[in-house]
$ cat coords27.cif   # mmCIF, N, CA and C atoms
data_input
loop_
_atom_site.label_atom_id
_atom_site.label_comp_id
_atom_site.auth_asym_id
_atom_site.auth_seq_id
_atom_site.Cartn_x
_atom_site.Cartn_y
_atom_site.Cartn_z
N MET S 1 29.11 -0.17 16.11
CA MET S 1 27.76 -0.64 16.41
C MET S 1 26.79 -0.31 15.28
N SER S 2 27.20 0.48 14.33
CA SER S 2 26.30 0.85 13.24
C SER S 2 26.01 -0.33 12.31
N LYS S 3 26.74 -1.44 12.46
CA LYS S 3 26.55 -2.62 11.61
C LYS S 3 26.14 -3.85 12.42
N THR S 4 25.77 -3.67 13.69
CA THR S 4 25.47 -4.79 14.58
C THR S 4 24.01 -4.83 14.98
N ILE S 5 23.40 -6.01 14.80
CA ILE S 5 22.04 -6.26 15.25
C ILE S 5 22.10 -7.37 16.29
N ILE S 6 21.52 -7.13 17.44
CA ILE S 6 21.52 -8.11 18.52
C ILE S 6 20.09 -8.67 18.65
N VAL S 7 19.95 -9.98 18.49
CA VAL S 7 18.66 -10.64 18.64
C VAL S 7 18.77 -11.54 19.86
N ASP S 8 17.94 -11.29 20.87
CA ASP S 8 18.02 -12.06 22.10
C ASP S 8 16.66 -12.09 22.78
N ASN S 9 16.45 -13.10 23.60
CA ASN S 9 15.19 -13.21 24.33
C ASN S 9 15.25 -12.51 25.68
N LEU S 10 16.42 -11.98 26.05
CA LEU S 10 16.56 -11.27 27.31
C LEU S 10 17.04 -9.84 27.03
N PRO S 11 16.15 -8.86 27.20
CA PRO S 11 16.52 -7.47 26.91
C PRO S 11 17.75 -6.98 27.69
N GLU S 12 17.97 -7.53 28.88
CA GLU S 12 19.12 -7.09 29.66
C GLU S 12 20.45 -7.46 28.99
N ASN S 13 20.41 -8.41 28.04
CA ASN S 13 21.63 -8.79 27.33
C ASN S 13 22.08 -7.73 26.33
N PHE S 14 21.19 -6.79 26.01
CA PHE S 14 21.60 -5.70 25.11
C PHE S 14 21.18 -4.33 25.65
N GLU S 15 21.06 -4.23 26.96
CA GLU S 15 20.60 -2.97 27.55
C GLU S 15 21.57 -1.81 27.34
N LYS S 16 22.85 -2.09 27.13
CA LYS S 16 23.80 -1.00 26.87
C LYS S 16 23.81 -0.60 25.40
N GLN S 17 23.17 -1.39 24.56
CA GLN S 17 23.06 -1.08 23.13
C GLN S 17 21.60 -1.26 22.70
N LYS S 18 20.69 -0.60 23.39
CA LYS S 18 19.25 -0.77 23.13
C LYS S 18 18.87 -0.50 21.69
N GLU S 19 19.55 0.44 21.05
CA GLU S 19 19.22 0.79 19.66
C GLU S 19 19.56 -0.34 18.69
N ASN S 20 20.42 -1.26 19.13
CA ASN S 20 20.85 -2.36 18.27
C ASN S 20 20.07 -3.64 18.55
N GLY S 21 19.22 -3.63 19.55
CA GLY S 21 18.59 -4.87 20.00
C GLY S 21 17.18 -5.11 19.50
N ILE S 22 16.91 -6.38 19.30
CA ILE S 22 15.56 -6.86 19.00
C ILE S 22 15.28 -7.94 20.03
N CYS S 23 14.24 -7.74 20.81
CA CYS S 23 13.85 -8.74 21.79
C CYS S 23 12.92 -9.74 21.11
N ILE S 24 13.23 -11.00 21.28
CA ILE S 24 12.46 -12.06 20.64
C ILE S 24 11.91 -12.98 21.73
N VAL S 25 10.78 -13.56 21.48
CA VAL S 25 10.15 -14.46 22.44
C VAL S 25 11.00 -15.72 22.58
N SER S 26 11.12 -16.20 23.82
CA SER S 26 11.86 -17.45 24.06
C SER S 26 11.17 -18.61 23.36
N TRP S 27 11.96 -19.51 22.83
CA TRP S 27 11.41 -20.63 22.07
C TRP S 27 11.32 -21.91 22.89
N TYR S 28 11.79 -21.90 24.09
CA TYR S 28 11.84 -23.10 24.91
C TYR S 28 10.49 -23.80 25.00
N GLY S 29 10.47 -25.07 24.63
CA GLY S 29 9.28 -25.89 24.78
C GLY S 29 8.22 -25.72 23.72
N ASP S 30 8.45 -24.87 22.73
CA ASP S 30 7.45 -24.67 21.68
C ASP S 30 8.06 -25.04 20.32
N PRO S 31 7.85 -26.27 19.87
CA PRO S 31 8.42 -26.70 18.59
C PRO S 31 7.85 -25.97 17.38
N ARG S 32 6.74 -25.25 17.55
CA ARG S 32 6.13 -24.51 16.44
C ARG S 32 6.58 -23.05 16.39
N ASP S 33 7.45 -22.68 17.31
CA ASP S 33 7.91 -21.29 17.36
C ASP S 33 8.57 -20.90 16.04
N ASN S 34 8.20 -19.75 15.51
CA ASN S 34 8.79 -19.29 14.26
C ASN S 34 9.19 -17.81 14.33
N ALA S 35 9.38 -17.29 15.54
CA ALA S 35 9.70 -15.87 15.71
C ALA S 35 11.01 -15.49 15.02
N LEU S 36 12.04 -16.31 15.17
CA LEU S 36 13.31 -16.00 14.52
C LEU S 36 13.17 -16.07 13.00
N HIS S 37 12.44 -17.03 12.51
CA HIS S 37 12.19 -17.15 11.07
C HIS S 37 11.47 -15.90 10.56
N ASP S 38 10.50 -15.40 11.32
CA ASP S 38 9.74 -14.22 10.89
C ASP S 38 10.61 -12.96 10.82
N LEU S 39 11.70 -12.94 11.56
CA LEU S 39 12.62 -11.80 11.52
C LEU S 39 13.57 -11.85 10.33
N THR S 40 13.70 -13.00 9.71
CA THR S 40 14.68 -13.18 8.64
C THR S 40 14.52 -12.17 7.52
N LEU S 41 13.34 -12.01 6.98
CA LEU S 41 13.14 -11.10 5.85
C LEU S 41 13.47 -9.65 6.20
N PRO S 42 12.94 -9.11 7.30
CA PRO S 42 13.31 -7.73 7.63
C PRO S 42 14.81 -7.55 7.85
N LEU S 43 15.46 -8.51 8.50
CA LEU S 43 16.89 -8.38 8.75
C LEU S 43 17.68 -8.50 7.45
N LEU S 44 17.24 -9.37 6.54
CA LEU S 44 17.89 -9.47 5.24
C LEU S 44 17.72 -8.19 4.44
N GLU S 45 16.56 -7.55 4.59
CA GLU S 45 16.33 -6.29 3.88
C GLU S 45 17.35 -5.24 4.34
N ILE S 46 17.66 -5.22 5.62
CA ILE S 46 18.67 -4.30 6.12
C ILE S 46 20.01 -4.62 5.48
N ALA S 47 20.37 -5.91 5.44
CA ALA S 47 21.66 -6.32 4.88
C ALA S 47 21.75 -6.03 3.39
N VAL S 48 20.68 -6.34 2.64
CA VAL S 48 20.70 -6.15 1.18
C VAL S 48 20.78 -4.66 0.85
N LYS S 49 20.04 -3.84 1.56
CA LYS S 49 20.06 -2.41 1.29
C LYS S 49 21.29 -1.75 1.89
N LYS S 50 22.05 -2.56 2.63
CA LYS S 50 23.28 -2.07 3.25
C LYS S 50 23.07 -0.74 3.96
N ALA S 51 22.18 -0.76 4.90
CA ALA S 51 21.90 0.43 5.68
C ALA S 51 23.19 0.99 6.27
N LYS S 52 23.36 2.29 6.18
CA LYS S 52 24.56 2.91 6.74
C LYS S 52 24.62 2.70 8.25
N ASP S 53 23.45 2.70 8.86
CA ASP S 53 23.39 2.50 10.31
C ASP S 53 22.17 1.63 10.61
N VAL S 54 22.41 0.40 11.06
CA VAL S 54 21.31 -0.53 11.31
C VAL S 54 20.37 -0.01 12.39
N ARG S 55 20.86 0.85 13.26
CA ARG S 55 20.01 1.38 14.33
C ARG S 55 18.87 2.21 13.77
N GLU S 56 19.11 2.93 12.68
CA GLU S 56 18.04 3.70 12.04
C GLU S 56 16.99 2.77 11.44
N ALA S 57 17.45 1.70 10.79
CA ALA S 57 16.52 0.73 10.20
C ALA S 57 15.71 0.03 11.29
N LEU S 58 16.37 -0.34 12.39
CA LEU S 58 15.66 -1.00 13.48
C LEU S 58 14.62 -0.06 14.10
N GLU S 59 14.93 1.22 14.19
CA GLU S 59 13.96 2.19 14.72
C GLU S 59 12.74 2.27 13.80
N THR S 60 12.98 2.24 12.48
CA THR S 60 11.87 2.23 11.51
C THR S 60 10.99 1.01 11.73
N PHE S 61 11.62 -0.16 11.88
CA PHE S 61 10.87 -1.40 12.11
C PHE S 61 10.08 -1.33 13.41
N LYS S 62 10.69 -0.80 14.47
CA LYS S 62 10.01 -0.73 15.76
C LYS S 62 8.78 0.18 15.68
N MET S 63 8.92 1.31 14.99
CA MET S 63 7.78 2.22 14.86
C MET S 63 6.66 1.58 14.04
N GLN S 64 7.02 0.85 12.98
CA GLN S 64 6.02 0.15 12.18
C GLN S 64 5.32 -0.91 13.02
N MET S 65 6.08 -1.64 13.80
CA MET S 65 5.51 -2.70 14.62
C MET S 65 4.52 -2.14 15.64
N ILE S 66 4.91 -1.07 16.29
CA ILE S 66 4.02 -0.44 17.28
C ILE S 66 2.73 0.03 16.62
N ALA S 67 2.85 0.71 15.49
CA ALA S 67 1.67 1.23 14.80
C ALA S 67 0.75 0.10 14.36
N GLN S 68 1.32 -0.98 13.83
CA GLN S 68 0.49 -2.09 13.37
C GLN S 68 -0.16 -2.83 14.53
N MET S 69 0.57 -2.99 15.62
CA MET S 69 0.00 -3.67 16.78
C MET S 69 -1.12 -2.82 17.40
N GLU S 70 -0.94 -1.51 17.42
CA GLU S 70 -1.99 -0.62 17.93
C GLU S 70 -3.23 -0.67 17.04
N ALA S 71 -3.03 -0.99 15.76
CA ALA S 71 -4.14 -1.11 14.82
C ALA S 71 -4.78 -2.51 14.87
N GLY S 72 -4.27 -3.37 15.76
CA GLY S 72 -4.86 -4.69 15.92
C GLY S 72 -4.26 -5.76 15.03
N ILE S 73 -3.15 -5.47 14.37
CA ILE S 73 -2.50 -6.45 13.51
C ILE S 73 -1.58 -7.29 14.39
N SER S 74 -1.85 -8.59 14.47
CA SER S 74 -1.08 -9.44 15.38
C SER S 74 0.25 -9.89 14.78
N THR S 75 0.39 -9.88 13.47
CA THR S 75 1.63 -10.24 12.81
C THR S 75 2.07 -9.08 11.92
N PRO S 76 2.79 -8.12 12.49
CA PRO S 76 3.19 -6.94 11.71
C PRO S 76 4.08 -7.29 10.53
N ILE S 77 3.94 -6.54 9.46
CA ILE S 77 4.79 -6.67 8.28
C ILE S 77 5.73 -5.48 8.30
N LEU S 78 7.03 -5.76 8.27
CA LEU S 78 8.03 -4.72 8.42
C LEU S 78 8.75 -4.49 7.10
N SER S 79 9.02 -3.24 6.80
CA SER S 79 9.69 -2.89 5.56
C SER S 79 10.43 -1.58 5.72
N LEU S 80 11.54 -1.45 5.03
CA LEU S 80 12.29 -0.19 5.06
C LEU S 80 11.70 0.84 4.12
N THR S 81 10.79 0.44 3.26
CA THR S 81 10.23 1.37 2.28
C THR S 81 9.08 2.15 2.85
#
$ encode --input "coords27.cif" --output "C-alpha coordinates"
Amino acid sequence: MSKTIIVDNLPENFEKQKENGICIVSWYGDPRDNALHDLTLPLLEIAVKKAKDVREALETFKMQMIAQMEAGISTPILSLT
(Lines of atoms letter the chains of each structure in order from A and count residues from 1; the text may use other names and numbers.)
(Lines give C-alpha, C1' and ligand atoms only; values in the text may rest on other atoms or scores of the structure.)
Protein backbone atom coordinates (compact mmCIF):
# COMPACT_ATOMS: atom_id res chain seq x y z
CA MET A 1 0.00 0.00 0.00
CA SER A 2 3.00 2.31 0.24
CA LYS A 3 2.79 2.83 -3.56
CA THR A 4 -1.02 3.03 -3.95
CA ILE A 5 -3.16 6.16 -4.23
CA ILE A 6 -6.93 5.71 -4.34
CA VAL A 7 -8.96 8.54 -5.90
CA ASP A 8 -12.71 8.11 -5.52
CA ASN A 9 -15.85 10.14 -4.97
CA LEU A 10 -17.09 7.75 -2.27
CA PRO A 11 -14.96 7.66 0.90
CA GLU A 12 -16.43 4.29 1.87
CA ASN A 13 -14.63 2.80 -1.15
CA PHE A 14 -11.30 3.34 0.61
CA GLU A 15 -12.32 3.31 4.26
CA LYS A 16 -9.99 0.38 5.02
CA GLN A 17 -7.07 2.29 3.49
CA LYS A 18 -7.90 5.87 4.58
CA GLU A 19 -4.24 6.92 4.45
CA ASN A 20 -4.15 6.04 0.74
CA GLY A 21 -7.37 7.78 -0.24
CA ILE A 22 -8.25 11.09 -1.78
CA CYS A 23 -11.93 11.92 -1.86
CA ILE A 24 -12.90 13.84 -4.98
CA VAL A 25 -16.15 15.60 -5.83
CA SER A 26 -18.49 13.66 -8.10
CA TRP A 27 -18.44 14.93 -11.66
CA TYR A 28 -21.90 13.77 -12.69
CA GLY A 29 -23.77 16.42 -14.66
CA ASP A 30 -21.04 19.07 -14.54
CA PRO A 31 -19.16 19.29 -17.86
CA ARG A 32 -16.89 22.01 -16.39
CA ASP A 33 -15.68 19.81 -13.53
CA ASN A 34 -11.89 19.85 -13.30
CA ALA A 35 -11.26 18.30 -9.87
CA LEU A 36 -9.39 15.28 -11.26
CA HIS A 37 -7.33 17.53 -13.51
CA ASP A 38 -6.41 19.71 -10.51
CA LEU A 39 -5.05 16.62 -8.72
CA THR A 40 -2.76 15.70 -11.61
CA LEU A 41 0.19 17.92 -10.67
CA PRO A 42 0.33 16.97 -6.98
CA LEU A 43 0.00 13.26 -7.82
CA LEU A 44 2.68 13.53 -10.50
CA GLU A 45 4.94 15.22 -7.97
CA ILE A 46 4.60 12.16 -5.74
CA ALA A 47 5.44 9.88 -8.68
CA VAL A 48 8.40 11.97 -9.92
CA LYS A 49 9.93 12.29 -6.46
CA LYS A 50 9.26 8.59 -6.00
CA ALA A 51 8.04 8.94 -2.46
CA LYS A 52 9.01 5.92 -0.39
CA ASP A 53 5.51 5.90 1.03
CA VAL A 54 2.70 7.74 -0.75
CA ARG A 55 0.73 7.85 2.50
CA GLU A 56 3.26 10.30 3.97
CA ALA A 57 3.01 12.53 0.88
CA LEU A 58 -0.80 12.40 0.97
CA GLU A 59 -0.76 13.39 4.65
CA THR A 60 1.43 16.39 3.74
CA PHE A 61 -1.06 17.39 1.02
CA LYS A 62 -4.03 16.97 3.37
CA MET A 63 -2.44 19.17 6.04
CA GLN A 64 -1.61 21.84 3.43
CA MET A 65 -5.16 21.73 2.09
CA ILE A 66 -6.70 22.11 5.54
CA ALA A 67 -4.42 25.03 6.43
CA GLN A 68 -5.09 26.82 3.15
CA MET A 69 -8.84 26.29 3.34
CA GLU A 70 -8.87 27.59 6.93
CA ALA A 71 -7.03 30.66 5.61
CA GLY A 72 -9.85 31.22 3.09
CA ILE A 73 -8.05 29.89 0.01
CA SER A 74 -10.68 28.14 -2.10
CA THR A 75 -8.21 26.47 -4.48
CA PRO A 76 -5.31 25.13 -2.39
CA ILE A 77 -1.89 24.72 -3.97
CA LEU A 78 -0.25 21.49 -2.88
CA SER A 79 3.46 20.72 -2.86
CA LEU A 80 5.82 18.25 -1.25
CA THR A 81 8.38 20.99 -0.65
$ atom_distance --input "coords27.cif" --atom1 "atom C of S:Glu15" --atom2 "atom N of S:Asp38"
23.7 Å
$ atom_distance --input "coords27.cif" --atom1 "atom CA of S:Asn13" --atom2 "atom CA of S:Gly72"
29.1 Å
$ atom_distance --input "coords27.cif" --atom1 "atom CA of S:Glu12" --atom2 "atom N of S:Ile24"
11.0 Å
$ closest_residue --input "coords27.cif" --among "S:Leu78, S:Leu36, S:Leu44, S:Ile22" --to "S:Ile5" --atoms "only C-alpha atoms"
S:Ile22
$ resolve_selection --input "coords27.cif" --expression "the PyMOL selection byres ((chain S and resi 56-60) around 8)" --output "PyMOL selection string"
chain S and resi 2+19-21+46+51-55+61-66+78-80
$ select_by_dssp --input "coords27.cif" --residues "chain S" --states "strand (DSSP E or B)" --output "PyMOL selection string"
chain S and resi 6-8+21-23
$ select_by_dssp --input "coords27.cif" --residues "chain S" --states "helix (DSSP H, G or I)" --output "JSON, numbers by chain"
{"S": [11, 12, 13, 14, 15, 16, 17, 18, 19, 20, 35, 36, 37, 38, 39, 40, 41, 42, 43, 44, 45, 46, 47, 48, 54, 55, 56, 57, 58, 59, 60, 61, 62, 63, 64, 65, 66, 67, 68, 69, 70]}
$ residues_around --input "coords27.cif" --residues "S:Cys23" --least-positions-apart "2" --cutoff "9 Å" --atoms "only C-alpha atoms" --output "list in words"
Ile6, Val7, Asp8, Asn9, Leu10, Pro11, Phe14, Gly21 and Val25 of chain S
